[in-house]
>>> print(open('run.tsv').read())   # TSV, C-alpha atoms
chain	number	residue	atom	x	y	z
A	1	MET	CA	-10.56	28.74	17.29
A	2	LYS	CA	-11.42	25.65	19.31
A	3	TYR	CA	-14.98	24.82	20.22
A	4	LEU	CA	-16.11	23.55	23.60
A	5	VAL	CA	-19.27	21.46	23.59
A	6	THR	CA	-21.16	21.06	26.85
A	7	GLN	CA	-24.19	18.98	27.63
A	8	SER	CA	-27.24	20.21	29.45
A	9	GLY	CA	-28.84	18.20	32.23
A	10	THR	CA	-31.52	17.13	29.78
A	11	ALA	CA	-28.90	15.93	27.28
A	12	ARG	CA	-27.02	13.97	29.96
A	13	ALA	CA	-30.25	12.34	31.09
A	14	ALA	CA	-31.06	11.41	27.50
A	15	LEU	CA	-27.60	9.90	27.08
A	16	ALA	CA	-28.01	7.91	30.29
A	17	THR	CA	-31.35	6.62	29.04
A	18	VAL	CA	-29.72	5.46	25.81
A	19	LEU	CA	-26.92	3.69	27.72
A	20	ILE	CA	-29.35	1.96	30.08
A	21	ALA	CA	-31.46	0.87	27.12
A	22	GLY	CA	-28.32	-0.52	25.49
A	23	PHE	CA	-27.46	-2.51	28.60
A	24	MET	CA	-31.00	-3.87	28.79
A	25	ALA	CA	-30.87	-4.90	25.14
A	26	ASN	CA	-27.49	-6.53	25.60
A	27	PRO	CA	-26.98	-7.76	29.19
A	28	ALA	CA	-23.42	-8.81	28.33
A	29	LEU	CA	-22.50	-5.11	28.11
A	30	ALA	CA	-23.78	-4.55	31.65
A	31	ASP	CA	-21.91	-7.63	32.86
A	32	GLU	CA	-18.67	-6.45	31.23
A	33	ALA	CA	-19.06	-3.02	32.78
A	34	ALA	CA	-19.59	-4.57	36.23
A	35	ILE	CA	-16.55	-6.81	35.85
A	36	ARG	CA	-14.34	-3.97	34.65
A	37	LYS	CA	-15.48	-1.83	37.59
A	38	ASN	CA	-15.50	-4.35	40.42
A	39	LEU	CA	-12.39	-6.44	39.82
A	40	PRO	CA	-9.88	-3.54	39.84
A	41	GLU	CA	-11.62	-1.96	42.84
A	42	ARG	CA	-11.49	-5.18	44.85
A	43	LEU	CA	-8.12	-6.38	43.54
A	44	PRO	CA	-5.93	-3.26	43.17
A	45	ASN	CA	-2.88	-5.31	42.10
A	46	LEU	CA	-4.73	-6.92	39.22
A	47	PRO	CA	-3.06	-6.09	35.87
A	48	LYS	CA	-4.92	-3.87	33.43
A	49	ILE	CA	-7.91	-5.68	31.91
A	50	ASP	CA	-7.59	-5.76	28.12
A	51	GLU	CA	-10.69	-7.73	27.22
A	52	VAL	CA	-13.81	-9.23	28.79
A	53	SER	CA	-15.75	-11.81	26.78
A	54	LYS	CA	-18.38	-14.49	27.34
A	55	THR	CA	-17.30	-18.12	27.45
A	56	PRO	CA	-19.33	-21.14	26.28
A	57	MET	CA	-20.18	-21.74	29.95
A	58	ALA	CA	-23.30	-19.85	31.06
A	59	GLY	CA	-22.56	-17.03	33.47
A	60	LEU	CA	-18.79	-17.28	33.11
A	61	TYR	CA	-16.68	-14.55	31.54
A	62	GLU	CA	-13.10	-14.65	30.30
A	63	VAL	CA	-10.99	-11.77	31.61
A	64	ARG	CA	-7.86	-11.26	29.53
A	65	MET	CA	-4.83	-9.33	30.77
A	66	GLY	CA	-2.21	-9.48	28.06
A	67	SER	CA	-1.90	-13.20	27.39
A	68	GLU	CA	-3.02	-14.14	30.92
A	69	ILE	CA	-6.51	-15.56	31.26
A	70	VAL	CA	-8.74	-15.71	34.36
A	71	TYR	CA	-12.50	-16.14	34.71
A	72	SER	CA	-15.19	-14.19	36.51
A	73	ASP	CA	-18.90	-14.38	37.21
A	74	GLU	CA	-21.07	-11.65	35.68
A	75	THR	CA	-20.63	-9.30	38.65
A	76	GLY	CA	-16.90	-9.56	39.32
A	77	GLN	CA	-17.62	-11.02	42.75
A	78	PHE	CA	-15.74	-14.26	42.07
A	79	LEU	CA	-12.47	-14.86	40.25
A	80	ILE	CA	-11.32	-18.27	38.99
A	81	GLN	CA	-7.79	-19.21	37.95
A	82	GLY	CA	-7.27	-22.45	36.05
A	83	SER	CA	-8.25	-24.28	32.89
A	84	LEU	CA	-11.72	-24.41	31.39
A	85	ILE	CA	-12.25	-27.94	30.06
A	86	GLU	CA	-15.01	-28.88	27.63
A	87	THR	CA	-15.95	-32.33	28.94
A	88	LYS	CA	-17.52	-33.71	25.75
A	89	THR	CA	-14.36	-33.27	23.68
A	90	HIS	CA	-11.86	-32.98	26.59
A	91	ALA	CA	-10.64	-29.78	24.92
A	92	ASP	CA	-8.69	-27.37	27.11
A	93	LEU	CA	-10.36	-24.12	26.06
A	94	THR	CA	-8.03	-22.02	28.19
A	95	GLN	CA	-4.88	-23.42	26.61
A	96	ALA	CA	-6.38	-23.09	23.13
A	97	ARG	CA	-7.08	-19.42	23.81
A	98	ILE	CA	-3.59	-18.80	25.18
A	99	ASP	CA	-2.05	-20.57	22.18
A	100	LYS	CA	-3.97	-18.24	19.89
A	101	LEU	CA	-2.95	-15.16	21.85
A	102	THR	CA	0.73	-16.08	21.95
A	103	ALA	CA	1.04	-17.31	18.37
A	104	ILE	CA	3.93	-15.80	16.39
A	105	ASP	CA	3.84	-14.82	12.73
A	106	PHE	CA	6.54	-17.28	11.68
A	107	ALA	CA	7.20	-15.70	8.27
A	108	THR	CA	8.09	-12.34	9.81
A	109	LEU	CA	10.82	-13.65	12.13
A	110	PRO	CA	14.31	-12.23	11.39
A	111	PHE	CA	15.93	-15.47	10.26
A	112	LYS	CA	19.15	-13.67	9.35
A	113	ASP	CA	19.78	-13.32	13.10
A	114	ALA	CA	19.50	-17.08	13.70
A	115	VAL	CA	22.04	-19.90	13.57
A	116	LEU	CA	20.83	-22.16	10.76
A	117	ILE	CA	21.30	-25.92	10.70
A	118	LYS	CA	19.83	-27.74	7.72
A	119	GLN	CA	19.13	-31.46	7.93
A	120	GLY	CA	18.21	-33.34	4.76
A	121	SER	CA	16.18	-31.23	2.34
A	122	GLY	CA	15.43	-28.65	5.05
A	123	ALA	CA	11.89	-28.36	3.69
A	124	ARG	CA	10.25	-28.11	7.10
A	125	LYS	CA	11.13	-25.32	9.51
A	126	VAL	CA	11.31	-24.86	13.25
A	127	VAL	CA	12.64	-22.04	15.42
A	128	VAL	CA	14.38	-22.55	18.74
A	129	PHE	CA	15.25	-19.90	21.32
A	130	ALA	CA	18.20	-21.26	23.27
A	131	ASP	CA	20.91	-20.34	25.77
A	132	PRO	CA	24.29	-22.11	25.36
A	133	ASN	CA	24.43	-22.88	29.09
A	134	CYS	CA	20.90	-24.27	29.28
A	135	GLY	CA	20.89	-27.97	30.16
A	136	TYR	CA	17.44	-28.58	28.68
A	137	CYS	CA	18.59	-26.85	25.48
A	138	LYS	CA	21.44	-29.37	25.22
A	139	ARG	CA	19.00	-32.23	25.69
A	140	LEU	CA	16.76	-30.74	23.00
A	141	GLU	CA	19.66	-30.33	20.60
A	142	LYS	CA	20.41	-34.06	20.80
A	143	ASP	CA	16.75	-34.83	20.04
A	144	LEU	CA	16.81	-32.44	17.08
A	145	LEU	CA	19.56	-34.60	15.53
A	146	ALA	CA	16.96	-37.30	14.84
A	147	LEU	CA	14.75	-35.07	12.68
A	148	LYS	CA	14.84	-35.36	8.90
A	149	ASP	CA	14.30	-32.75	6.20
A	150	VAL	CA	14.18	-29.82	8.58
A	151	SER	CA	15.75	-26.36	8.81
A	152	ILE	CA	16.44	-25.45	12.43
A	153	TYR	CA	16.75	-21.74	13.14
A	154	THR	CA	18.29	-21.16	16.56
A	155	PHE	CA	18.04	-17.68	18.00
A	156	LEU	CA	20.77	-17.38	20.62
A	157	LEU	CA	19.18	-15.94	23.75
A	158	PRO	CA	21.81	-15.61	26.51
A	159	ILE	CA	19.67	-15.19	29.62
A	160	LEU	CA	21.62	-17.28	32.15
A	161	GLY	CA	24.42	-14.85	32.89
A	162	PRO	CA	27.59	-13.25	31.51
A	163	ASP	CA	29.15	-16.56	30.45
A	164	SER	CA	26.13	-17.28	28.28
A	165	THR	CA	26.70	-13.95	26.54
A	166	THR	CA	30.36	-14.80	25.98
A	167	LYS	CA	29.59	-18.25	24.56
A	168	SER	CA	26.80	-16.86	22.35
A	169	ARG	CA	29.22	-14.29	20.96
A	170	ASP	CA	31.87	-16.93	20.26
A	171	ILE	CA	29.36	-19.19	18.52
A	172	TRP	CA	27.77	-16.41	16.48
A	173	CYS	CA	31.16	-15.13	15.35
A	174	ALA	CA	32.51	-18.57	14.38
A	175	LYS	CA	33.29	-19.28	10.72
A	176	ASP	CA	30.52	-21.89	10.78
A	177	PRO	CA	28.07	-20.90	13.57
A	178	GLY	CA	25.91	-24.00	13.05
A	179	LYS	CA	28.86	-26.33	13.48
A	180	ALA	CA	30.17	-24.36	16.47
A	181	TRP	CA	26.72	-24.52	18.09
A	182	ARG	CA	26.30	-28.26	17.62
A	183	THR	CA	29.89	-29.02	18.66
A	184	TRP	CA	29.34	-27.18	21.93
A	185	MET	CA	25.78	-28.29	22.69
A	186	VAL	CA	26.21	-31.96	21.72
A	187	ASP	CA	29.93	-32.66	22.18
A	188	GLY	CA	30.80	-30.11	24.86
A	189	GLN	CA	33.65	-28.59	22.85
A	190	LEU	CA	34.03	-24.86	23.41
A	191	PRO	CA	34.05	-22.56	20.38
A	192	ALA	CA	37.09	-20.43	19.59
A	193	LYS	CA	37.18	-16.96	21.09
A	194	ALA	CA	35.55	-14.34	18.89
A	195	LEU	CA	37.49	-11.43	17.48
A	196	ALA	CA	36.79	-8.09	19.09
A	197	SER	CA	35.72	-6.74	15.70
A	198	CYS	CA	32.86	-9.24	15.33
A	199	ASP	CA	29.41	-7.66	14.93
A	200	THR	CA	27.13	-9.08	17.62
A	201	ALA	CA	24.20	-6.72	17.12
A	202	ALA	CA	22.09	-9.77	16.20
A	203	LEU	CA	22.35	-11.03	19.80
A	204	GLU	CA	20.99	-7.72	21.07
A	205	ARG	CA	18.14	-7.92	18.57
A	206	ASN	CA	17.42	-11.47	19.72
A	207	SER	CA	17.14	-10.30	23.32
A	208	GLU	CA	14.78	-7.53	22.25
A	209	MET	CA	12.69	-10.03	20.28
A	210	GLY	CA	12.59	-12.36	23.27
A	211	ARG	CA	11.14	-9.57	25.37
A	212	LYS	CA	8.66	-8.68	22.63
A	213	TYR	CA	7.32	-12.23	22.44
A	214	LYS	CA	7.67	-12.83	26.20
A	215	VAL	CA	10.10	-15.72	25.82
A	216	GLN	CA	10.89	-16.08	29.51
A	217	GLY	CA	12.84	-19.33	29.45
A	218	THR	CA	14.85	-21.59	27.21
A	219	PRO	CA	14.43	-23.67	25.22
A	220	ALA	CA	11.32	-22.37	23.48
A	221	LEU	CA	10.16	-23.70	20.13
A	222	VAL	CA	8.07	-22.01	17.44
A	223	PHE	CA	6.52	-23.96	14.57
A	224	GLU	CA	5.54	-22.82	11.08
A	225	ASP	CA	1.88	-22.42	12.02
A	226	GLY	CA	2.89	-19.88	14.66
A	227	SER	CA	2.29	-22.19	17.61
A	228	ARG	CA	4.92	-22.26	20.30
A	229	SER	CA	6.01	-24.59	23.05
A	230	PRO	CA	8.11	-23.79	26.12
A	231	GLY	CA	10.66	-26.35	27.28
A	232	ALA	CA	12.36	-29.35	25.73
A	233	MET	CA	10.35	-32.11	24.07
A	234	PRO	CA	11.33	-35.50	22.63
A	235	ALA	CA	11.99	-35.93	18.92
A	236	ALA	CA	8.75	-37.87	18.34
A	237	GLN	CA	6.69	-35.04	19.78
A	238	ILE	CA	8.56	-32.44	17.74
A	239	GLU	CA	7.97	-34.56	14.63
A	240	SER	CA	4.26	-34.63	15.40
A	241	ARG	CA	4.14	-30.86	15.83
A	242	LEU	CA	6.08	-30.33	12.59
A	243	ALA	CA	3.60	-32.49	10.70
A	244	ALA	CA	0.63	-30.69	12.24
A	245	ALA	CA	2.11	-27.30	11.35
A	246	VAL	CA	2.54	-28.32	7.71
A	247	LYS	CA	-1.11	-29.48	7.52
A	248	LYS	CA	-2.34	-26.17	8.94
A	249	GLY	CA	-0.23	-24.29	6.42
>>> encode(input="run.tsv", output="structure tokens")
Amino acid sequence: MKYLVTQSGTARAALATVLIAGFMANPALADEAAIRKNLPERLPNLPKIDEVSKTPMAGLYEVRMGSEIVYSDETGQFLIQGSLIETKTHADLTQARIDKLTAIDFATLPFKDAVLIKQGSGARKVVVFADPNCGYCKRLEKDLLALKDVSIYTFLLPILGPDSTTKSRDIWCAKDPGKAWRTWMVDGQLPAKALASCDTAALERNSEMGRKYKVQGTPALVFEDGSRSPGAMPAAQIESRLAAAVKKG
């Protein structure tokens, strides 16, 4: 037998009194409630609000929708898009928050599905999501040549059309995928055609992982500390990020 519990008018009034008292004791709760109510009502196309939290700036609240950050006053009357900068340290608090939200647990990545290139001792590690027809990926690959003592795990992510899928298949199925990848990306030499029997399930898993982590463009880099960076970057900057990641670890 299931039990149905109802509240009398007196009980509802008592509950309301408790809630009001809670809001008075903690005004932030009342502010969050107002923001959660007013923003969706006034902006129907706004994505679902996942979190509302106070910022270091008085009267300003962070409104998080997935990994997207906007800011609101305590009533939801005003909405601000942009970066919150702490002027004393010049720290970009918005970017720091986004970096934390989008960080990837590096150790859990499925490295067996990546093309591995080891340079020197390979002691340091970096992950790259790349499309074989991506011009910026080719530029990045040339910069990666300058790095020492690094293992580069490239997850093939063919997002630029059918030919990218074909090339990714041919590279993945090559006898030496790392060599085939570098020969194509750096020297422009096409890999041999893959046999029809080659298992390319890894490419499908890569696409699924890209969607999971919202990798929306290539190249995209992930460092050992879980931080990520969209787009190509010069070797010196990659070296700096590698060193920082090792220190954090």
>>> residues_around(input="run.tsv", residues="region 48-50 of chain A", least_positions_apart="4", cutoff="7 Å", atoms="all atoms listed in the file", output="PyMOL selection string")
chain A and resi 63-66
>>> atom_distance(input="run.tsv", atom1="CA of Leu116 (chain A)", atom2="CA of Phe155 (chain A)")
9.0 Å
>>> residues_near_point(input="run.tsv", point="(-20.3, -15.0, 32.3)", cutoff="9 Å", atoms="all atoms listed in the file", output="list in words")
Ala28, Asp31, Glu32, Ser53, Lys54, Thr55, Pro56, Met57, Ala58, Gly59, Leu60, Tyr61, Glu62, Tyr71, Ser72, Asp73, Glu74 and Thr75 of chain A
>>> axis_aligned_box(input="run.tsv", around="region 123-138 of chain A", padding_each_side="6 Å", output="lines of an AutoDock Vina configuration file")
center_x = 17.3
center_y = -24.6
center_z = 16.9
size_x = 26.2
size_y = 21.5
size_z = 38.5
>>> closest_residue(input="run.tsv", among="A:Tyr136, A:Ile117, A:Gly122, A:Ala236", to="Trp181 (chain A)", atoms="only C-alpha atoms")
A:Ile117
>>> closest_residue(input="run.tsv", among="A:Ala232, A:Leu221, A:Val52, A:Leu46", to="Tyr153 (chain A)", atoms="only C-alpha atoms")
A:Leu221
>>> closest_atom_pairs(input="run.tsv", of="region 84-116 of chain A", to="region 168-174 of chain A", cutoff="10 Å", atoms="all atoms listed in the file", output="Markdown table")
| residue | atom | partner | partner_atom | distance |
| --- | --- | --- | --- | --- |
| A:Asp113 | CA | A:Trp172 | CA | 9.2 |
| A:Ala114 | CA | A:Trp172 | CA | 8.8 |
| A:Val115 | CA | A:Trp172 | CA | 7.3 |
>>> write_last_selection(input="run.tsv", atoms="C-alpha atoms", output="PDB file, keeping the file's coordinate frame")
ATOM      1  CA  ASP A 113      19.780 -13.320  13.100  1.00  0.00           C
ATOM      2  CA  ALA A 114      19.500 -17.080  13.700  1.00  0.00           C
ATOM      3  CA  VAL A 115      22.040 -19.900  13.570  1.00  0.00           C
TER       4      VAL A 115
END
>>> atom_distance(input="run.tsv", atom1="CA of Thr165 (chain A)", atom2="CA of Ser207 (chain A)")
10.7 Å
>>> atom_distance(input="run.tsv", atom1="CA of Cys134 (chain A)", atom2="CA of Pro230 (chain A)")
13.2 Å
>>> closest_residue(input="run.tsv", among="A:Ile35, A:Ile98, A:Val126, A:Met209", to="Asp225 (chain A)", atoms="all atoms listed in the file")
A:Val126
>>> closest_residue(input="run.tsv", among="A:Ala243, A:Thr87, A:Ser227, A:Ala194", to="Asp99 (chain A)", atoms="only C-alpha atoms")
A:Ser227
>>> residues_around(input="run.tsv", residues="region 108-111 of chain A", least_positions_apart="6", cutoff="12 Å", atoms="all atoms listed in the file", output="ChimeraX atom specification")
/A:117,125-129,151-156,202-203,205-206,208-210,212-213,222-224,226
>>> residues_near_point(input="run.tsv", point="(-8.3, -23.3, 25.8)", cutoff="12 Å", atoms="only C-alpha atoms", output="PyMOL selection string")
chain A and resi 55-56+62+68-70+82-86+89-101
>>> closest_atom_pairs(input="run.tsv", of="region 76-159 of chain A", to="region 182-192 of chain A", cutoff="9 Å", atoms="all atoms listed in the file", output="JSON lines")
{"residue": "A:Ile117", "atom": "CA", "partner": "A:Arg182", "partner_atom": "CA", "distance": 8.9}
{"residue": "A:Pro132", "atom": "CA", "partner": "A:Met185", "partner_atom": "CA", "distance": 6.9}
{"residue": "A:Asn133", "atom": "CA", "partner": "A:Met185", "partner_atom": "CA", "distance": 8.5}
{"residue": "A:Gly135", "atom": "CA", "partner": "A:Met185", "partner_atom": "CA", "distance": 8.9}
{"residue": "A:Cys137", "atom": "CA", "partner": "A:Met185", "partner_atom": "CA", "distance": 7.8}
{"residue": "A:Lys138", "atom": "CA", "partner": "A:Met185", "partner_atom": "CA", "distance": 5.1}
{"residue": "A:Arg139", "atom": "CA", "partner": "A:Val186", "partner_atom": "CA", "distance": 8.2}
{"residue": "A:Glu141", "atom": "CA", "partner": "A:Met185", "partner_atom": "CA", "distance": 6.8}
{"residue": "A:Lys142", "atom": "CA", "partner": "A:Val186", "partner_atom": "CA", "distance": 6.2}
>>> closest_residue(input="run.tsv", among="A:Lys167, A:Lys88, A:Lys179, A:Lys118", to="Lys148 (chain A)", atoms="all atoms listed in the file")
A:Lys118
